[in-house]
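> One structure, as structure tokens, below. Some questions next.
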Amino acid sequence: MTADLLFGVQIVCTLIFGGSQFLRMLTTSQGVSISWYGSWEVFLLLNLVLAIRAHRNQASRVTFQVVMSYVLWVVMVTLDLGVMVAKNMGTWNGRDTATALCAAVGVATTLVVASHKRLAITDPMVKGYLAIFFKAVPQLILAYNVFMVGGNGLAAVAVATGHVTIFIRLGQLFFSIREAGWDRNRIGSAISEIANETSWIIVTIIWFFR
């Protein structure tokens, strides 16, 4: 029952976040960048793969709900990125380049370490760390971008629901672990989501005081 409630709230918050950002992007993208949305898309796809693998290993109602949560997030972020591109609001700048470079260095480092430990790129732990460089690091640069130019491109309700949805996904993961136990897929998801929340807290603080 609790897991079902979390799933329902997650779906509502995802729609609120995606919808509010979609409407905001129709008028301004101040502080928001294409590289942030693009890297976020990769982050969600990586976590979707992890969730699908966990569901296939030990399918349950909870693991299915986790998969569906990520599917909806992918759809909403794609729509937000699409309106930004369609309205020609996104221009690549130095901070986008920094985002891409940091992500590239992080990914390369992860792959080198994985190779040294003889882990395939499909290993859940490798994917978990890759997700950090596609989400947490770009959000830190987003925070710097907001500090430099302002954050009107971030809707207040989106900032708030961003935290709610992360905690709900962590809650879903907790129930999944309690139901089916720890495995490398769930550990990888936990690593990426904790990094996600930490970096979003920093974005929120700078956005609020800016």
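Note on naming: chains are A, B, ... as they come in the structure tokens, residues start from 1 per chain, ligands start from 1 in the order shown.
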Just want the 9 Å neighbourhood of Val71 of chain A, counted on only C-alpha atoms, with same-chain residues fewer than 6 positions away dropped. Output as a ChimeraX atom specification.
/A:44-45,48
> Counting only C-alpha atoms, which residues in segment 5-31 of chain A sit no more than 12 Å from segment 135-154 of chain A? For each one, give the nearest pair of atoms and the distance in Å, sorted by chain then residue number, as JSON lines.

```
{"residue": "A:Phe17", "atom": "CA", "partner": "A:Leu154", "partner_atom": "CA", "distance": 10.0}
{"residue": "A:Gly18", "atom": "CA", "partner": "A:Leu154", "partner_atom": "CA", "distance": 11.0}
{"residue": "A:Gly19", "atom": "CA", "partner": "A:Leu154", "partner_atom": "CA", "distance": 11.8}
{"residue": "A:Ser20", "atom": "CA", "partner": "A:Leu154", "partner_atom": "CA", "distance": 8.9}
{"residue": "A:Gln21", "atom": "CA", "partner": "A:Leu154", "partner_atom": "CA", "distance": 6.8}
{"residue": "A:Phe22", "atom": "CA", "partner": "A:Leu154", "partner_atom": "CA", "distance": 10.1}
{"residue": "A:Leu23", "atom": "CA", "partner": "A:Gly153", "partner_atom": "CA", "distance": 10.0}
{"residue": "A:Arg24", "atom": "CA", "partner": "A:Gly153", "partner_atom": "CA", "distance": 6.4}
{"residue": "A:Met25", "atom": "CA", "partner": "A:Gly153", "partner_atom": "CA", "distance": 6.6}
{"residue": "A:Leu26", "atom": "CA", "partner": "A:Gly153", "partner_atom": "CA", "distance": 9.6}
{"residue": "A:Thr27", "atom": "CA", "partner": "A:Gly153", "partner_atom": "CA", "distance": 8.4}
{"residue": "A:Thr28", "atom": "CA", "partner": "A:Gly153", "partner_atom": "CA", "distance": 5.4}
{"residue": "A:Ser29", "atom": "CA", "partner": "A:Gly153", "partner_atom": "CA", "distance": 4.1}
{"residue": "A:Gln30", "atom": "CA", "partner": "A:Gly153", "partner_atom": "CA", "distance": 4.4}
{"residue": "A:Gly31", "atom": "CA", "partner": "A:Gly151", "partner_atom": "CA", "distance": 4.6}
```
> Please list as a ChimeraX atom specification every residue within 12 Å of Ile132 of chain A, counting only C-alpha atoms and excluding residues in the same chain fewer than 2 positions away.
/A:39-40,42-44,46-47,102-107,110,125-130,134-140,188-199
> Could you save the residues just selected, with C-alpha atoms, as a short mmCIF file (atom, residue, chain, number, x, y, z; two decimals), in the first residue's frame?

```cif
data_model
loop_
_atom_site.label_atom_id
_atom_site.label_comp_id
_atom_site.auth_asym_id
_atom_site.auth_seq_id
_atom_site.Cartn_x
_atom_site.Cartn_y
_atom_site.Cartn_z
CA SER A 39 22.91 14.96 -19.76
CA TRP A 40 19.77 14.54 -17.64
CA VAL A 42 21.23 10.21 -20.47
CA PHE A 43 21.04 9.93 -16.67
CA LEU A 44 17.40 8.87 -16.81
CA LEU A 46 20.90 4.80 -17.57
CA ASN A 47 18.72 4.47 -14.50
CA CYS A 102 33.48 17.15 -17.05
CA ALA A 103 31.07 14.44 -18.10
CA ALA A 104 33.57 13.09 -20.64
CA VAL A 105 36.44 13.03 -18.12
CA GLY A 106 34.24 11.36 -15.51
CA VAL A 107 32.98 8.76 -17.95
CA THR A 110 34.92 5.33 -14.75
CA MET A 125 27.86 -0.34 -10.50
CA VAL A 126 29.61 1.07 -13.56
CA LYS A 127 26.29 2.44 -14.80
CA GLY A 128 25.62 3.94 -11.38
CA TYR A 129 28.87 5.91 -11.44
CA LEU A 130 28.34 6.89 -15.07
CA PHE A 134 25.65 12.66 -16.48
CA LYS A 135 23.47 14.14 -13.72
CA ALA A 136 25.21 15.29 -10.53
CA VAL A 137 28.15 17.02 -12.22
CA PRO A 138 25.97 18.85 -14.80
CA GLN A 139 23.69 20.00 -11.97
CA LEU A 140 26.67 21.51 -10.16
CA GLY A 188 23.98 1.36 -8.58
CA SER A 189 20.59 3.10 -8.53
CA ALA A 190 21.13 4.23 -4.92
CA ILE A 191 24.54 5.75 -5.72
CA SER A 192 23.21 7.76 -8.64
CA GLU A 193 20.06 8.99 -6.85
CA ILE A 194 21.94 10.12 -3.72
CA ALA A 195 24.36 12.08 -5.90
CA ASN A 196 21.36 13.49 -7.76
CA GLU A 197 19.73 14.82 -4.57
CA THR A 198 22.97 16.26 -3.19
CA SER A 199 23.64 18.30 -6.32
#
```
> Between atom CA of Ser176 of chain A and atom CA of Val9 of chain A, what distance in Å does the model show, to one decimal?
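Rounded to one decimal, the two atoms are 16.7 Å apart.
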> What's the separation between atom CA of Ala158 of chain A and atom CA of Leu50 of chain A, in Å to one decimal place?
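Value for the atom CA of Ala158 of chain A-atom CA of Leu50 of chain A distance: 25.0 Å.
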> Report as a PyMOL selection string: the residues of segment 26-168 of chain A with a DSSP assignment of helix (DSSP H, G or I), based on the backbone of this structure.
chain A and resi 34-57+61-86+94-116+124-149+156-168
> For atom CA of Cys13 of chain A and atom CA of Gly162 of chain A, determine how far apart the two atoms are, in Å to one decimal place.
7.9 Å
> Rank A:Ser35, A:Asp183, A:Val74, A:Val203 by their smallest atom-to-atom distance to Gly94 of chain A, using only C-alpha atoms, and report the top residue only.
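Between A:Ser35, A:Asp183, A:Val74, A:Val203, the residue approaching Gly94 of chain A most closely is A:Ser35.
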> Taking into account only C-alpha atoms, which residue in the set A:Trp92, A:Trp182, A:Phe167, A:Phe175 is nearest to Val32 of chain A?
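Closest residue, counting only C-alpha atoms: A:Trp92.
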> May I ask which of the residues A:Val67, A:Trp200, A:Gly38, A:Trp73 is the closest one to Val85 of chain A, counting only C-alpha atoms?
A:Gly38
> Any idea what's packed within 10 Å of Ala51 of chain A, counting only C-alpha atoms, ignoring anything in its chain fewer than 5 positions away? Could you give it as a PyMOL selection string?
chain A and resi 45-46+56-57+63-70+124+173+185-186+188-189
> For the residues selected in the previous step, produce a file with N, CA and C atoms as a PDB file, in the first residue's frame.

```
ATOM      1  N   LEU A  45      17.968   7.573 -18.761  1.00  0.00           N
ATOM      2  CA  LEU A  45      18.033   6.352 -19.564  1.00  0.00           C
ATOM      3  C   LEU A  45      18.915   5.296 -18.896  1.00  0.00           C
ATOM      4  N   LEU A  46      20.028   5.735 -18.287  1.00  0.00           N
ATOM      5  CA  LEU A  46      20.896   4.795 -17.574  1.00  0.00           C
ATOM      6  C   LEU A  46      20.159   4.173 -16.390  1.00  0.00           C
ATOM      7  N   ARG A  56      13.879  -7.542 -14.233  1.00  0.00           N
ATOM      8  CA  ARG A  56      14.028  -8.841 -14.896  1.00  0.00           C
ATOM      9  C   ARG A  56      14.651  -9.875 -13.969  1.00  0.00           C
ATOM     10  N   ASN A  57      15.571  -9.427 -13.117  1.00  0.00           N
ATOM     11  CA  ASN A  57      16.224 -10.358 -12.192  1.00  0.00           C
ATOM     12  C   ASN A  57      15.246 -10.895 -11.151  1.00  0.00           C
ATOM     13  N   THR A  63       9.134  -3.171  -8.401  1.00  0.00           N
ATOM     14  CA  THR A  63      10.164  -2.962  -9.423  1.00  0.00           C
ATOM     15  C   THR A  63       9.543  -2.490 -10.736  1.00  0.00           C
ATOM     16  N   PHE A  64       8.320  -2.950 -11.039  1.00  0.00           N
ATOM     17  CA  PHE A  64       7.620  -2.487 -12.237  1.00  0.00           C
ATOM     18  C   PHE A  64       7.282  -1.009 -12.114  1.00  0.00           C
ATOM     19  N   GLN A  65       6.862  -0.585 -10.929  1.00  0.00           N
ATOM     20  CA  GLN A  65       6.532   0.818 -10.706  1.00  0.00           C
ATOM     21  C   GLN A  65       7.763   1.704 -10.861  1.00  0.00           C
ATOM     22  N   VAL A  66       8.920   1.228 -10.406  1.00  0.00           N
ATOM     23  CA  VAL A  66      10.159   1.983 -10.567  1.00  0.00           C
ATOM     24  C   VAL A  66      10.469   2.182 -12.049  1.00  0.00           C
ATOM     25  N   VAL A  67      10.294   1.132 -12.831  1.00  0.00           N
ATOM     26  CA  VAL A  67      10.527   1.211 -14.274  1.00  0.00           C
ATOM     27  C   VAL A  67       9.602   2.252 -14.902  1.00  0.00           C
ATOM     28  N   MET A  68       8.317   2.205 -14.557  1.00  0.00           N
ATOM     29  CA  MET A  68       7.352   3.134 -15.137  1.00  0.00           C
ATOM     30  C   MET A  68       7.640   4.581 -14.730  1.00  0.00           C
ATOM     31  N   SER A  69       8.163   4.778 -13.515  1.00  0.00           N
ATOM     32  CA  SER A  69       8.518   6.123 -13.073  1.00  0.00           C
ATOM     33  C   SER A  69       9.596   6.719 -13.962  1.00  0.00           C
ATOM     34  N   TYR A  70      10.607   5.923 -14.266  1.00  0.00           N
ATOM     35  CA  TYR A  70      11.688   6.409 -15.124  1.00  0.00           C
ATOM     36  C   TYR A  70      11.209   6.629 -16.557  1.00  0.00           C
ATOM     37  N   PRO A 124      26.038  -2.982 -13.335  1.00  0.00           N
ATOM     38  CA  PRO A 124      25.201  -1.978 -12.671  1.00  0.00           C
ATOM     39  C   PRO A 124      25.985  -0.924 -11.892  1.00  0.00           C
ATOM     40  N   LEU A 173      12.990   2.631  -4.011  1.00  0.00           N
ATOM     41  CA  LEU A 173      14.165   1.762  -3.995  1.00  0.00           C
ATOM     42  C   LEU A 173      14.271   1.048  -2.647  1.00  0.00           C
ATOM     43  N   ASN A 185      22.284  -3.974  -9.078  1.00  0.00           N
ATOM     44  CA  ASN A 185      21.424  -3.017  -9.768  1.00  0.00           C
ATOM     45  C   ASN A 185      20.884  -1.973  -8.805  1.00  0.00           C
ATOM     46  N   ARG A 186      20.437  -2.408  -7.641  1.00  0.00           N
ATOM     47  CA  ARG A 186      19.854  -1.488  -6.676  1.00  0.00           C
ATOM     48  C   ARG A 186      20.926  -0.609  -6.024  1.00  0.00           C
ATOM     49  N   GLY A 188      23.657   0.370  -7.546  1.00  0.00           N
ATOM     50  CA  GLY A 188      23.976   1.356  -8.583  1.00  0.00           C
ATOM     51  C   GLY A 188      22.938   2.462  -8.644  1.00  0.00           C
ATOM     52  N   SER A 189      21.656   2.102  -8.528  1.00  0.00           N
ATOM     53  CA  SER A 189      20.586   3.101  -8.528  1.00  0.00           C
ATOM     54  C   SER A 189      20.691   4.010  -7.307  1.00  0.00           C
TER      55      SER A 189
END
```
> Determine the nearest neighbour of Ala160 of chain A from the options A:Ile16, A:Ala131, A:Asp123, A:Gly82, counting only C-alpha atoms.
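Result for the nearest residue to Ala160 of chain A: A:Ile16.
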> Could you check which of A:Asn88, A:Thr2, A:Thr122, A:Thr99 is closest to Val62 of chain A, using only C-alpha atoms?
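Selected residue with least distance to Val62 of chain A: A:Thr2.
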